[in-house]
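Enquirer: If it helps, the file is called input_7.txt and holds compact mmCIF, C-alpha atoms:
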```
# COMPACT_ATOMS: atom_id res chain seq x y z
CA MET A 15 120.45 85.51 82.79
CA ILE A 16 117.40 84.97 80.55
CA ASN A 17 118.71 81.56 79.53
CA ARG A 18 119.23 80.55 83.17
CA VAL A 19 115.76 81.73 84.16
CA LEU A 20 114.22 79.64 81.38
CA HIS A 21 116.19 76.46 82.08
CA ASP A 22 117.26 76.54 85.72
CA GLU A 23 114.26 76.26 88.05
CA GLN A 24 116.31 76.89 91.18
CA PHE A 25 117.89 80.03 89.75
CA ALA A 26 114.50 81.35 88.61
CA ALA A 27 113.06 80.83 92.08
CA GLN A 28 116.00 82.59 93.71
CA LEU A 29 115.74 85.55 91.34
CA LEU A 30 112.04 85.88 92.15
CA GLN A 31 112.83 85.95 95.89
CA ASP A 32 115.49 88.60 95.38
CA LEU A 33 113.14 90.84 93.41
CA SER A 34 110.36 90.77 96.03
CA ILE A 35 109.81 93.71 98.41
CA THR A 36 110.01 92.88 102.14
CA VAL A 37 109.69 96.32 103.75
CA THR A 38 107.53 96.10 106.88
CA GLU A 39 107.44 96.76 110.63
CA MET A 40 105.31 96.12 113.71
CA PHE A 41 102.19 98.34 113.79
CA ARG A 42 103.27 100.04 110.60
CA ASP A 43 101.19 103.22 110.15
CA PRO A 44 99.83 103.39 113.75
CA ASP A 45 96.81 105.48 112.71
CA PHE A 46 95.64 102.56 110.59
CA TYR A 47 95.71 100.22 113.58
CA ARG A 48 93.81 102.76 115.65
CA ALA A 49 91.15 102.88 112.93
CA LEU A 50 91.21 99.07 112.86
CA ARG A 51 90.38 98.98 116.57
CA GLU A 52 87.63 101.58 116.22
CA LYS A 53 85.92 100.57 112.97
CA VAL A 54 86.83 96.99 112.11
CA ILE A 55 87.02 95.20 115.46
CA PRO A 56 83.38 96.04 116.41
CA ILE A 57 82.22 94.35 113.19
CA LEU A 58 84.45 91.31 113.73
CA LYS A 59 82.97 90.93 117.22
CA THR A 60 79.61 90.10 115.63
CA TYR A 61 81.00 86.83 114.22
CA SER A 62 81.22 83.64 116.27
CA TYR A 63 84.35 82.60 114.40
CA ILE A 64 86.66 84.89 112.42
CA LYS A 65 88.89 84.21 109.42
CA ILE A 66 91.43 86.83 108.37
CA TRP A 67 93.66 86.81 105.31
CA HIS A 68 96.85 88.85 105.56
CA ALA A 69 98.02 88.87 101.95
CA GLY A 70 101.63 89.79 101.28
CA CYS A 71 102.66 89.32 104.90
CA SER A 72 106.41 89.53 104.16
CA THR A 73 108.44 88.65 107.28
CA GLY A 74 105.37 88.67 109.52
CA GLU A 75 105.62 91.81 111.63
CA GLU A 76 102.18 93.07 110.62
CA ALA A 77 100.57 89.65 111.07
CA TYR A 78 101.89 89.55 114.64
CA SER A 79 100.60 93.10 115.10
CA MET A 80 97.14 91.90 114.08
CA ALA A 81 97.39 89.00 116.51
CA ILE A 82 98.18 91.43 119.33
CA VAL A 83 95.19 93.63 118.49
CA LEU A 84 92.89 90.60 118.43
CA LYS A 85 94.28 89.34 121.73
CA GLU A 86 93.69 92.67 123.43
CA GLU A 87 90.17 92.80 122.03
CA GLY A 88 89.35 89.29 123.25
CA LEU A 89 89.01 87.84 119.74
CA TYR A 90 92.19 85.90 119.13
CA ASP A 91 91.00 82.56 120.48
CA ARG A 92 88.19 82.46 117.92
CA THR A 93 90.25 83.70 114.98
CA THR A 94 92.41 82.10 112.31
CA ILE A 95 94.87 84.37 110.50
CA TYR A 96 96.05 83.16 107.10
CA ALA A 97 99.34 84.98 106.51
CA THR A 98 100.57 84.48 102.95
CA ASP A 99 103.42 85.58 100.72
CA PHE A 100 105.15 84.21 97.62
CA ASN A 101 108.60 84.77 99.14
CA GLN A 102 109.38 81.52 100.98
CA HIS A 103 112.46 82.96 102.67
CA ALA A 104 110.35 85.77 104.14
CA LEU A 105 107.72 83.24 105.27
CA ASP A 106 110.36 81.13 107.01
CA ARG A 107 111.50 84.20 108.95
CA ALA A 108 107.89 85.04 109.78
CA LYS A 109 107.27 81.58 111.23
CA GLU A 110 110.29 81.97 113.49
CA GLY A 111 109.03 85.29 114.82
CA ILE A 112 112.57 86.48 115.54
CA PHE A 113 113.41 90.11 114.77
CA SER A 114 116.27 92.52 115.33
CA ASN A 115 116.35 94.22 118.72
CA GLU A 116 117.41 97.42 116.98
CA MET A 117 113.80 98.03 115.90
CA ILE A 118 112.08 97.43 119.23
CA LYS A 119 112.05 101.12 120.21
CA GLN A 120 110.25 102.01 116.98
CA TYR A 121 107.87 99.05 117.33
CA THR A 122 107.00 100.09 120.87
CA ALA A 123 106.31 103.66 119.79
CA ASN A 124 104.10 102.42 116.95
CA TYR A 125 102.20 100.13 119.33
CA LEU A 126 101.47 102.96 121.78
CA LYS A 127 100.36 105.31 119.00
CA SER A 128 98.05 102.59 117.65
CA GLY A 129 96.08 102.47 120.89
CA GLY A 130 97.77 99.52 122.55
CA SER A 131 96.47 98.89 126.05
CA GLU A 132 99.26 96.75 127.53
CA SER A 133 103.02 96.94 127.91
CA PHE A 134 104.45 95.98 124.52
CA SER A 135 107.18 94.02 126.29
CA ASN A 136 104.51 91.48 127.31
CA TYR A 137 104.52 90.17 123.76
CA TYR A 138 108.16 89.25 123.33
CA THR A 139 111.36 88.15 125.01
CA SER A 140 114.70 89.66 124.05
CA ASP A 141 118.43 89.71 124.47
CA ASP A 142 121.01 92.22 123.29
CA LYS A 143 120.49 91.34 119.63
CA MET A 144 117.15 89.64 118.97
CA VAL A 145 113.45 89.82 119.86
CA ILE A 146 111.38 86.63 119.93
CA MET A 147 107.60 86.98 119.67
CA ASP A 148 105.55 85.21 122.31
CA GLN A 149 104.44 81.71 121.34
CA SER A 150 100.80 82.52 122.19
CA LEU A 151 100.69 84.88 119.21
CA LYS A 152 101.66 82.11 116.78
CA LYS A 153 99.07 79.47 117.64
CA ASN A 154 96.30 80.76 115.36
CA ILE A 155 98.45 81.99 112.46
CA VAL A 156 98.66 79.76 109.40
CA TRP A 157 101.67 80.68 107.26
CA ALA A 158 101.33 79.70 103.60
CA ASN A 159 102.97 80.34 100.25
CA HIS A 160 100.50 82.07 97.93
CA ASN A 161 101.03 84.15 94.80
CA LEU A 162 98.41 86.86 94.34
CA VAL A 163 98.94 86.92 90.58
CA THR A 164 98.80 83.22 89.77
CA ASP A 165 96.95 81.50 92.65
CA LYS A 166 93.22 81.34 93.32
CA VAL A 167 90.87 81.75 96.30
CA PHE A 168 91.76 79.34 99.09
CA ALA A 169 89.38 80.42 101.88
CA GLU A 170 86.26 82.48 102.58
CA VAL A 171 87.27 85.19 105.04
CA HIS A 172 85.79 88.07 107.02
CA LEU A 173 88.74 90.43 106.63
CA VAL A 174 91.45 90.87 104.01
CA LEU A 175 94.52 92.98 104.77
CA CYS A 176 96.77 93.73 101.81
CA ARG A 177 98.61 96.94 102.52
CA ASN A 178 101.31 98.45 100.34
CA VAL A 179 101.41 95.54 97.91
CA LEU A 180 99.21 96.68 95.02
CA ILE A 181 101.33 99.79 94.49
CA TYR A 182 103.86 97.52 92.78
CA PHE A 183 101.27 96.12 90.31
CA ASN A 184 100.08 97.61 87.04
CA VAL A 185 96.39 98.40 86.54
CA SER A 186 95.59 95.04 84.96
CA LEU A 187 97.17 93.04 87.79
CA GLN A 188 95.54 95.26 90.40
CA GLY A 189 92.15 94.46 88.91
CA LYS A 190 92.89 90.75 88.97
CA VAL A 191 93.92 90.84 92.63
CA GLN A 192 90.95 93.00 93.60
CA GLN A 193 88.68 90.36 92.07
CA LEU A 194 90.49 87.71 94.10
CA PHE A 195 89.84 89.66 97.30
CA PHE A 196 86.19 90.24 96.38
CA ASP A 197 85.67 86.53 95.76
CA SER A 198 87.37 85.68 99.07
CA LEU A 199 85.26 87.98 101.26
CA VAL A 200 81.93 87.07 102.83
CA ASN A 201 79.07 89.52 102.30
CA GLY A 202 79.76 92.40 104.66
CA GLY A 203 83.44 91.41 104.81
CA LEU A 204 86.16 94.01 105.20
CA LEU A 205 89.07 94.99 102.98
CA CYS A 206 92.04 97.05 104.19
CA LEU A 207 94.47 98.53 101.67
CA GLY A 208 97.56 100.70 101.98
CA ALA A 209 97.57 104.48 102.25
CA LYS A 210 98.46 104.92 98.56
CA GLU A 211 96.03 102.26 97.31
CA SER A 212 92.34 102.60 96.61
CA LEU A 213 89.30 101.10 94.92
CA ARG A 214 88.27 104.48 93.50
CA PHE A 215 87.85 104.56 89.73
CA THR A 216 88.05 100.75 89.55
CA ASP A 217 85.43 98.20 88.52
CA HIS A 218 85.16 97.09 92.15
CA GLU A 219 84.38 100.46 93.72
CA LYS A 220 80.63 99.95 93.39
CA HIS A 221 80.78 96.70 95.37
CA TYR A 222 82.08 98.31 98.57
CA VAL A 223 81.14 100.92 101.14
CA GLU A 224 84.03 103.13 102.26
CA LEU A 225 84.30 102.94 106.06
CA ASP A 226 87.43 105.06 106.40
CA LYS A 227 88.60 107.10 103.42
CA LYS A 228 91.98 108.07 104.85
CA GLN A 229 92.91 104.59 106.13
CA ARG A 230 91.50 102.80 103.06
CA ILE A 231 89.05 100.52 104.89
CA PHE A 232 86.16 99.14 102.84
CA LYS A 233 83.13 96.96 103.55
CA LYS A 234 81.82 94.58 100.90
CA LYS A 235 78.18 95.25 100.12
CA TYR A 236 75.57 92.59 100.68
CA ALA A 237 74.11 91.05 97.53
CA ILE A 238 70.79 92.85 98.10
CA ASP A 239 72.42 96.30 98.53
```
Would you mind writing the file out in structure tokens?
Expert:
Amino acid sequence: MINRVLHDEQFAAQLLQDLSITVTEMFRDPDFYRALREKVIPILKTYSYIKIWHAGCSTGEEAYSMAIVLKEEGLYDRTTIYATDFNQHALDRAKEGIFSNEMIKQYTANYLKSGGSESFSNYYTSDDKMVIMDQSLKKNIVWANHNLVTDKVFAEVHLVLCRNVLIYFNVSLQGKVQQLFFDSLVNGGLLCLGAKESLRFTDHEKHYVELDKKQRIFKKKYAID
């Protein structure tokens, strides 16, 4: 296998896809999305135009969840969501916005627990097997292939969401990615990590204010702070 990885570009790419983690769901960790509505959305409302980077978006369920929150809060029309992943197969599925109907009961429960204010069925059409996300949720999402380890900053954003990705990186790689996020955020920008991830005891801890300890929501300090 080592020989094929070194000399067969197509095989190497396929192996990389197979090794990637694509575990996700709509409104995963509902308490996080409730905190997002309560602590992040009010800050985003102060901007005339909003740029969000959803790093490690996998098959897109959480990016669509963010789009729904923004729509309900009246912010979606002035927002661009950059949803990125290095797994092209996952990105292709995300662009389609077609998911198994078997999960819709769980997705609906997550949505309600997260503080959703509408009927979740307003955001998709379905048949016996598949759920198709509403086209209005796709219009401001830019899907792009991006590798957190090897690629550089591509946009200045107001919010970075990278949840349950860094747990798979060693300390050195975590530091590299944290620097990438720091460089990508505007002053006062927001960073959301997963429940088992943190900036504590890292070189970047001093550059952020912790807005929600439990939900791992941080605000980048202004240069004068």
Enquirer: Do you have the atom CA of A:Gln192-atom CA of A:Leu213 distance handy?
Expert: 8.4 Å
Enquirer: What is the atom CA of A:Leu151-atom CA of A:Ala81 distance in Å, reported with one decimal?
Expert: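 We find that atom CA of A:Leu151 and atom CA of A:Ala81 lie 5.9 Å from each other.
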Enquirer: Would you pick out the contacts of A:Lys210 at 10 Å or less, using only C-alpha atoms, so that residues sharing its chain but fewer than 6 positions from it are not included, and give the list as a list in words?
Expert: Arg177, Asn178, Val179, Leu180, Ile181, Lys228, Gln229 and Arg230 of chain A
Enquirer: Quick one: residues within 10 Å of A:Ile146, all atoms listed in the file counted, chain neighbours fewer than 6 positions away excluded, as JSON, numbers by chain?
Expert: {"A": [110, 111, 112, 113, 114, 115, 137, 138, 139, 140]}
Enquirer: Kindly indicate which residue among A:His103, A:His218, A:Lys235, A:Lys127 lies nearest to A:Met40, using all atoms listed in the file for the distances.
Expert: A:Lys127
Enquirer: Under the rule that all atoms listed in the file are counted, which of A:Gln120, A:Gln188, A:Phe134, A:Arg92 is the nearest residue to A:Thr60?
Expert: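 That would be A:Arg92, the residue with the smallest distance to A:Thr60.
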Enquirer: Have a look at atom CA of A:Glu211 and atom CA of A:Ile64 and let me know their distance in Å, one decimal.
Expert: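 Value for the atom CA of A:Glu211-atom CA of A:Ile64 distance: 24.9 Å.
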Enquirer: Restricting the calculation to only C-alpha atoms, which member of A:Tyr236, A:Phe215, A:Phe168, A:Tyr222 is positioned closest to A:Asn201?
Expert: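 Smallest separation from A:Asn201 among the options: A:Tyr236.
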